[in-house]
Amino acid sequence: MADSGDRRRFMYNLHEQSKPVGAVRWLPSVSPFLRLAAMSVLSPPAIEIHSFSSQNPNTNLNLVSSYPLPSPATSLTSFKSHNSTLVAASTSTGSLHFFSVNPYEGKIESQIISISDKDSFHCGPIQSIDVETSSTGECATAGEDGRVNLVLVGEDKVENFRVCESDGLVAYTAVKWGSPVEFATGGVGPGLQWWDKRTPGGPVAQFKGVLGRGTVTGMIHSIDIHPSRKHTCVVGGSSGAVYAWDLRWQQQAITLAGIGLEAKSQPFSESEVWEVKYDAFTPQISSTKVLPVMMCSEDGFLAVLQQDEPPLQLLEEPCAINSFDIDPQNPSDVIVALEWESVGILSRGREETEMA
């Protein structure tokens, strides 16, 4: 576990909310003075856009706009498409929604997509979505119903293609694009799978690692793939497990945290790891090792992990950290959603730690 010296150079401001927040995502910034973030509110279910001043991080988050959802959001993502800022959310009743957001003011201008067909789409919660932003713009969806779909949004129509139908024998809980034609999925039962659109019929590679204690395969909650190393997936799952899977050595994974797999060191967290993301702010130790990874957990940890190094603990909250996001434009800044109706903003590289 990290000592107090690891925490000396960041500013942390906690903002209480009147509603429970499930997930948070930074929105692309077009102003050096105004920052925008999207949040999925669980009750009543909605997507909210909040703003705050980048010049004074101590200022409160301001609600700019909101849009109701038919049920609580299960996954949230934001991205830039052409000259538009878009937010996509999936729900616990199997629907998918895309919203257009004004990048200057943060107002939700319209809902441009809403899909909820239980026969052709999903008949249960969609646990994860990811949008391929470099080329095709396709949205991959992974559901508890064992379905994996690809959604392509055109100018005048929406196309949905079923990649996998497992009839409920497995449940998918995570999905992430690796390239315009490749993506990874994970869940309960199938382990970690790699798909290639050029090779239909099933996954082209699969890893069934033991993530929990003993021989029971744990659940995969989150997957991330770095654009410069698409052959390596980093995974967060049960029992504090965080590991990297390299397609070039498919039968062996590299443990970054947790009990499962190689288990070279004692875990600092033994609960569910809800989200993992590559961390561009933390310097890389070696070009031959896994890039730095940030994780958040059910037992309230936010930490940076590096291969064969002790974890760098950033936060230890008294409740679960449901979600976090690293600002791709300013990777020193991290936004987190806490179970106890709070949102925190952490700015690394600062000299002090504060609470708003």
# chains A, B, ... in the order shown; residues from 1 in each chain; ligands from 1
call {"tool": "select_by_dssp", "arguments": {"residues": "region 135-292 of chain A", "states": "strand (DSSP E)", "output": "count of residues only"}}
result
76
call {"tool": "residues_around", "arguments": {"residues": "Val175 (chain A)", "least_positions_apart": "2", "cutoff": "8 Å", "atoms": "only C-alpha atoms", "output": "ChimeraX atom specification"}}
result
/A:128-130,140-142,173,177,183-186,222-223
call {"tool": "write_last_selection", "arguments": {"atoms": "N, CA and C atoms", "output": "mmCIF file, in the first residue's frame"}}
result
data_model
loop_
_atom_site.group_PDB
_atom_site.id
_atom_site.type_symbol
_atom_site.label_atom_id
_atom_site.label_comp_id
_atom_site.auth_asym_id
_atom_site.auth_seq_id
_atom_site.Cartn_x
_atom_site.Cartn_y
_atom_site.Cartn_z
ATOM 1 N N SER A 128 -22.019 -2.876 -20.760
ATOM 2 C CA SER A 128 -20.866 -2.109 -21.236
ATOM 3 C C SER A 128 -21.060 -1.704 -22.687
ATOM 4 N N ILE A 129 -20.590 -0.494 -23.017
ATOM 5 C CA ILE A 129 -20.574 -0.028 -24.398
ATOM 6 C C ILE A 129 -19.233 0.632 -24.671
ATOM 7 N N ASP A 130 -18.832 0.643 -25.939
ATOM 8 C CA ASP A 130 -17.627 1.366 -26.338
ATOM 9 C C ASP A 130 -17.781 1.779 -27.786
ATOM 10 N N ALA A 140 -20.006 -0.808 -29.865
ATOM 11 C CA ALA A 140 -20.123 -2.198 -29.443
ATOM 12 C C ALA A 140 -20.868 -2.248 -28.111
ATOM 13 N N THR A 141 -21.807 -3.191 -27.989
ATOM 14 C CA THR A 141 -22.581 -3.339 -26.761
ATOM 15 C C THR A 141 -22.457 -4.767 -26.244
ATOM 16 N N ALA A 142 -22.312 -4.904 -24.928
ATOM 17 C CA ALA A 142 -22.180 -6.218 -24.299
ATOM 18 C C ALA A 142 -23.216 -6.332 -23.191
ATOM 19 N N THR A 173 -20.048 -8.465 -19.601
ATOM 20 C CA THR A 173 -20.059 -7.301 -18.723
ATOM 21 C C THR A 173 -19.059 -6.219 -19.123
ATOM 22 N N TRP A 177 -12.926 -1.594 -27.847
ATOM 23 C CA TRP A 177 -12.334 -1.662 -29.179
ATOM 24 C C TRP A 177 -10.814 -1.637 -29.083
ATOM 25 N N PHE A 183 -12.074 -6.068 -31.335
ATOM 26 C CA PHE A 183 -12.481 -5.634 -30.007
ATOM 27 C C PHE A 183 -12.428 -6.812 -29.044
ATOM 28 N N ALA A 184 -12.413 -6.479 -27.747
ATOM 29 C CA ALA A 184 -12.349 -7.494 -26.697
ATOM 30 C C ALA A 184 -13.624 -7.446 -25.869
ATOM 31 N N THR A 185 -14.044 -8.614 -25.366
ATOM 32 C CA THR A 185 -15.182 -8.701 -24.459
ATOM 33 C C THR A 185 -14.789 -9.534 -23.245
ATOM 34 N N GLY A 186 -15.523 -9.322 -22.144
ATOM 35 C CA GLY A 186 -15.305 -10.119 -20.945
ATOM 36 C C GLY A 186 -16.591 -10.216 -20.165
ATOM 37 N N SER A 222 -14.149 -4.568 -16.313
ATOM 38 C CA SER A 222 -13.640 -3.475 -17.145
ATOM 39 C C SER A 222 -12.454 -3.943 -17.970
ATOM 40 N N ILE A 223 -12.355 -3.404 -19.190
ATOM 41 C CA ILE A 223 -11.239 -3.690 -20.105
ATOM 42 C C ILE A 223 -10.754 -2.371 -20.684
#
call {"tool": "residues_around", "arguments": {"residues": "region 321-337 of chain A", "least_positions_apart": "6", "cutoff": "8 Å", "atoms": "only C-alpha atoms", "output": "list of chain:residue names"}}
result
A:Val21, A:Gly22, A:Ala23, A:Val24, A:Arg25, A:Trp26, A:Pro28, A:Ser29, A:Trp274, A:Glu275, A:Lys277, A:Asp279, A:Ala280, A:Phe281, A:Cys296, A:Ser297, A:Glu298, A:Asp299, A:Gly300, A:Phe301, A:Leu302, A:Val343, A:Gly344, A:Ile345, A:Leu346, A:Ser347, A:Arg348, A:Gly349
call {"tool": "closest_residue", "arguments": {"among": "A:Ser110, A:Leu34, A:Leu42, A:Gly189", "to": "Glu341 (chain A)", "atoms": "only C-alpha atoms"}}
result
A:Leu42
call {"tool": "closest_residue", "arguments": {"among": "A:Asp117, A:Asp224, A:Glu16, A:Asp246", "to": "Val276 (chain A)", "atoms": "only C-alpha atoms"}}
result
A:Asp224
call {"tool": "atom_distance", "arguments": {"atom1": "CA of Ile220 (chain A)", "atom2": "CA of Gly201 (chain A)"}}
result
22.6 Å
call {"tool": "closest_residue", "arguments": {"among": "A:Asn62, A:Gln251, A:Ser179, A:Thr74", "to": "His221 (chain A)", "atoms": "only C-alpha atoms"}}
result
A:Thr74
call {"tool": "atom_distance", "arguments": {"atom1": "CA of Phe207 (chain A)", "atom2": "CA of Trp245 (chain A)"}}
result
8.0 Å
call {"tool": "atom_distance", "arguments": {"atom1": "CA of Asn83 (chain A)", "atom2": "CA of Val30 (chain A)"}}
result
10.9 Å
call {"tool": "closest_atom_pairs", "arguments": {"of": "region 28-54 of chain A", "to": "region 66-72 of chain A", "cutoff": "7 Å", "atoms": "only C-alpha atoms", "output": "Markdown table"}}
result
| residue | atom | partner | partner_atom | distance |
| --- | --- | --- | --- | --- |
| A:Leu42 | CA | A:Pro72 | CA | 5.0 |
| A:Pro45 | CA | A:Pro72 | CA | 4.7 |
| A:Ala46 | CA | A:Pro68 | CA | 4.1 |
| A:Ile47 | CA | A:Tyr67 | CA | 5.3 |
| A:Glu48 | CA | A:Ser66 | CA | 4.2 |
| A:Ile49 | CA | A:Ser66 | CA | 6.2 |
call {"tool": "residues_around", "arguments": {"residues": "Gly124 (chain A)", "least_positions_apart": "2", "cutoff": "10 Å", "atoms": "only C-alpha atoms", "output": "PyMOL selection string"}}
result
chain A and resi 91-95+118+121-122+126-127+143-147+168
call {"tool": "closest_residue", "arguments": {"among": "A:Ala89, A:Arg9, A:Pro227, A:Leu36", "to": "Leu61 (chain A)", "atoms": "only C-alpha atoms"}}
result
A:Leu36
call {"tool": "select_by_dssp", "arguments": {"residues": "region 177-339 of chain A", "states": "helix (DSSP H, G or I)", "output": "PyMOL selection string"}}
result
chain A and resi 238-240+247-249
call {"tool": "residues_around", "arguments": {"residues": "Gly240 (chain A)", "least_positions_apart": "4", "cutoff": "7 Å", "atoms": "only C-alpha atoms", "output": "compact mmCIF listing (two decimals) with C-alpha atoms, in the first residue's frame"}}
result
# COMPACT_ATOMS: atom_id res chain seq x y z
CA ALA A 257 -2.88 -6.53 -8.55
CA GLY A 258 -5.04 -9.09 -6.78
CA PRO A 267 -3.27 -7.58 -2.75
CA SER A 269 -7.66 -4.52 -2.42
CA GLU A 270 -9.70 -7.72 -2.33
CA SER A 271 -13.02 -6.35 -3.59
CA GLU A 272 -14.49 -5.73 -7.05
CA VAL A 273 -12.37 -3.60 -9.37
call {"tool": "closest_residue", "arguments": {"among": "A:Ala38, A:Val64, A:Pro180, A:Ser90", "to": "Glu105 (chain A)", "atoms": "only C-alpha atoms"}}
result
A:Val64
